[in-house]
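S.K.: Mind having a look at this structure? Questions to follow.
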Amino acid sequence: MSNPDIYLDYQATTPLDPRVLERMMPYLTTKFGNPHSTNHSFGWEAAAGVDVARPQVAQLIGADEREIIFTSGATEANNMAIKGIAYAQYPAKNHIITAQTEHTCVLESCRALERSGFQVTYLPVDNQGLIDLNELRDSITDKTALVSIMAVNNEIGMIQDIAAIGAICRNAAVVFHTDAAQAVGKIPLDVTAMNIDLISISGHKIYGPKGIGALYVNEECPVRPLALFDGGGQERGLRSGTLSPALCVGLGSACVLAEQDMTQDAAHISMLAHRLKDKLQSALPDIQINGSEQLRYAGNLNITFDHVKADQLVKELRGIAVSAGSACSTEKVEPSHVLTALGLSKKQIDSSIRIGIGRMTTEPEIDQAARHIILTVQKIRNLM
Ligand SMILES: Cc1ncc(COP(=O)(O)O)c(C=O)c1O
């Protein structure tokens, strides 16, 4: 699809907020120094940008700036957290608990650990997408090195009870990691109140730049992840490599704006999501919203349109950018593992699309998209 007119794929990525770009610009132009060059002013001014950004990221999740490790994104942060914490305790502990609905990079990190001798429990979810907390509690053994459960799901938007999961893990003295790429900046997260040991963050899901993310690592956690990269020992030895001050500043600014605009964004996005849902539900029979009705991030609508092939619908919705799967798995032919875990049939999965609404989405865009979706679904159904 070339140059779509209406962007409704906010879980794949978000546009860069112009206020973020403005903050980044000096570090892409005049302030080009290496932030790790300690003996001249070019290095100092670049480092100063990083020093401003780090507490900004920390503040959004109630952390201390020393607990923020910059990474290239949430994929890297998830790999660092899961493999790093697992290897740090091996062989004394060799068991990981995660959920079947996690992002591919979490599942693949766990599969890599399985190939290295770890055992992994992939918790099932109910038809709302939620794990059973008793099942989590019962799965923990004295060999469990880590529990990794995402906060907001990228395909269906459901929100797990992170505070309850954190409490279970803390009571059992097991390290708790959450992939919060779709949650940070959108729902309130507090590392202390929720007993979270590690959080993965992604810049481009929160109106920041691509290629930057962070891993929060609780200073008080008794286990320190092993570093996956060898090198200059940057980021407290956990992530070697030269930092990009422009990207760090971008992530920091995106976090400041996310905190400042969280209530307003949530109200705006929820209003638009309800508007779209109501329009579709009143015009079209046989449609179903997937995932929990209540425990969900409003900006993610995953909808099954019976008797419609999702890839045909997505193709025919020219000018409206929606997704027939998560962006990172669109090249795969297998049905979505998330919708499968919810109990949807292959036919239902093949009829499901994800619509993502965000800060920059407008009411006229939603109305136009609703009209276009309704007409296209009716047309496809009439041709059957
Ligand atoms: C829940 C979740 N985790 C991790 C990632 C990977 O993030 P990044 O693109 O920053 O590597 C994504 C992106 O799709 C995601 O939605």
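Identifiers for the structure tokens are assigned positionally: chains receive A, B, ... in sequence, residues are indexed from 1 per chain, and ligands are indexed from 1 in the order shown.
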Please list as a list of chain:residue names every residue within 9 Å of Ala266 in chain A, counting only C-alpha atoms and excluding residues in the same chain fewer than 2 positions away.
M.R.: A:Lys186, A:Ile187, A:Asp261, A:Met262, A:Thr263, A:Gln264, A:His268, A:Ile269, A:Ser270, A:Met271, A:Tyr297, A:Ala298, A:Gly299, A:Gly358, A:Arg359
S.K.: For N, CA, C and O atoms, I'd like the residues from the last selection saved as a short mmCIF file (atom, residue, chain, number, x, y, z; two decimals), in the first residue's frame.
M.R.:
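That gives us result.cif:
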data_model
loop_
_atom_site.label_atom_id
_atom_site.label_comp_id
_atom_site.auth_asym_id
_atom_site.auth_seq_id
_atom_site.Cartn_x
_atom_site.Cartn_y
_atom_site.Cartn_z
N LYS A 186 1.08 4.78 28.32
CA LYS A 186 -0.34 4.69 27.95
C LYS A 186 -1.20 4.36 29.14
O LYS A 186 -2.31 4.85 29.27
N ILE A 187 -0.68 3.50 30.01
CA ILE A 187 -1.37 3.24 31.28
C ILE A 187 -0.34 3.50 32.39
O ILE A 187 0.86 3.34 32.17
N ASP A 261 0.64 14.05 28.89
CA ASP A 261 -0.57 13.96 28.07
C ASP A 261 -1.38 12.68 28.34
O ASP A 261 -2.36 12.42 27.64
N MET A 262 -0.95 11.86 29.33
CA MET A 262 -1.55 10.52 29.47
C MET A 262 -3.08 10.57 29.62
O MET A 262 -3.81 9.84 28.93
N THR A 263 -3.57 11.46 30.50
CA THR A 263 -5.02 11.50 30.75
C THR A 263 -5.75 11.98 29.50
O THR A 263 -6.76 11.39 29.08
N GLN A 264 -5.19 13.02 28.90
CA GLN A 264 -5.81 13.60 27.70
C GLN A 264 -5.77 12.59 26.54
O GLN A 264 -6.77 12.39 25.85
N HIS A 268 -9.10 10.96 24.70
CA HIS A 268 -9.24 11.16 23.26
C HIS A 268 -9.34 9.81 22.54
O HIS A 268 -10.24 9.56 21.74
N ILE A 269 -8.42 8.91 22.88
CA ILE A 269 -8.34 7.61 22.20
C ILE A 269 -9.56 6.75 22.53
O ILE A 269 -10.14 6.11 21.66
N SER A 270 -9.98 6.79 23.78
CA SER A 270 -11.12 6.00 24.19
C SER A 270 -12.40 6.51 23.50
O SER A 270 -13.23 5.72 23.03
N MET A 271 -12.53 7.82 23.41
CA MET A 271 -13.71 8.40 22.74
C MET A 271 -13.75 7.94 21.27
O MET A 271 -14.77 7.49 20.76
N TYR A 297 -6.50 -1.84 26.63
CA TYR A 297 -6.06 -0.52 26.20
C TYR A 297 -6.99 -0.11 25.05
O TYR A 297 -7.09 -0.82 24.04
N ALA A 298 -7.68 1.02 25.22
CA ALA A 298 -8.75 1.38 24.29
C ALA A 298 -8.27 1.56 22.85
O ALA A 298 -9.03 1.33 21.90
N GLY A 299 -7.01 1.95 22.68
CA GLY A 299 -6.53 2.25 21.32
C GLY A 299 -6.26 1.05 20.45
O GLY A 299 -5.75 1.19 19.34
N GLY A 358 -4.54 6.41 17.88
CA GLY A 358 -3.54 7.06 18.72
C GLY A 358 -3.72 8.55 18.88
O GLY A 358 -4.76 9.12 18.49
N ARG A 359 -2.68 9.17 19.44
CA ARG A 359 -2.72 10.59 19.79
C ARG A 359 -3.10 11.47 18.62
O ARG A 359 -3.81 12.46 18.76
#
S.K.: Applying 7 Å and only C-alpha atoms, which residues near Thr304 in chain A remain after dropping the ones on its own chain fewer than 3 positions away? List them as a ChimeraX atom specification.
M.R.: /A:287-289,348,351-353
S.K.: Using only C-alpha atoms and all ligand atoms, determine which residues fall within 9 Å of ligand 1, then list them as a PyMOL selection string.
M.R.: chain A and resi 11-13+71-78+102-106+150-155+179-183+200-205+210-214+326-328
S.K.: Give me the residues within 10 Å of range 18-33 of chain A as a PyMOL selection string, counting only C-alpha atoms and dropping any in the same chain fewer than 3 places off.
M.R.: chain A and resi 15+36-37+40-47+49+207-209+244-257
S.K.: With only C-alpha atoms as the basis for distance, which of A:Asn94, A:Thr340, A:Asn127, A:Thr101 is at the shortest distance from Leu113 in chain A?
M.R.: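 Checking each candidate against Leu113 in chain A, we get A:Asn94 as the closest.
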S.K.: Report as number ranges by chain all protein, DNA and RNA residues lying within 8 Å of Thr376 in chain A, evaluated on only C-alpha atoms, omitting residues in the same chain fewer than 4 positions from it.
M.R.: A: 313, 316-317, 372, 380
S.K.: Using DSSP on the backbone, list every residue of range 26-200 of chain A that comes out as strand (DSSP E), and give them as a list in words.
M.R.: Ile68, Ile69, Phe70, Thr71, His95, Ile96, Ile97, Thr98, Ala99, Gln119, Val120, Thr121, Tyr122, Leu123, Thr144, Ala145, Leu146, Val147, Ser148, Val175, Phe176, His177, Thr178, Asp179, Leu198, Ile199 and Ser200 of chain A
S.K.: Between CA of Leu383 in chain A and CA of Arg354 in chain A, what distance in Å does the model show, to one decimal?
M.R.: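 That distance, rounded to one decimal, is 23.0 Å.
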S.K.: One decimal, in Å: what's the spacing between CA of Tyr10 in chain A and CA of Val147 in chain A?
M.R.: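 For CA of Tyr10 in chain A relative to CA of Val147 in chain A, the distance reads 27.4 Å.
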S.K.: Rank A:Ile96, A:Leu301, A:Ala258, A:Ala193 by their smallest atom-to-atom distance to Leu123 in chain A, using only C-alpha atoms, and report the top residue only.
M.R.: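 Going through A:Ile96, A:Leu301, A:Ala258, A:Ala193 one by one, the smallest distance to Leu123 in chain A is for A:Ile96.
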S.K.: Measuring between only C-alpha atoms, which one of A:Gly319, A:Pro55, A:Gly343, A:Pro225 shows the shortest distance to Tyr7 in chain A?
M.R.: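 Among A:Gly319, A:Pro55, A:Gly343, A:Pro225, it is A:Gly319 that comes nearest to Tyr7 in chain A.
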S.K.: Give me, please, the distance in Å between CA of Gly185 in chain A and CA of Ala163 in chain A, quoted to one decimal.
M.R.: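 We find that CA of Gly185 in chain A and CA of Ala163 in chain A lie 16.6 Å from each other.
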S.K.: Go through range 152-323 of chain A and collect every residue that DSSP, computed from the backbone, puts in helix (DSSP H, G or I); the answer should be as number ranges by chain.
M.R.: A: 162-171, 203-205, 245-283, 310-316
S.K.: Need to verify the contact set: Asp64 in chain A, 12 Å, only C-alpha atoms, exclusion of same-chain residues closer than 2 positions in sequence. Can you return it as a PyMOL selection string?
M.R.: chain A and resi 54-62+66-69+190-192+216-220
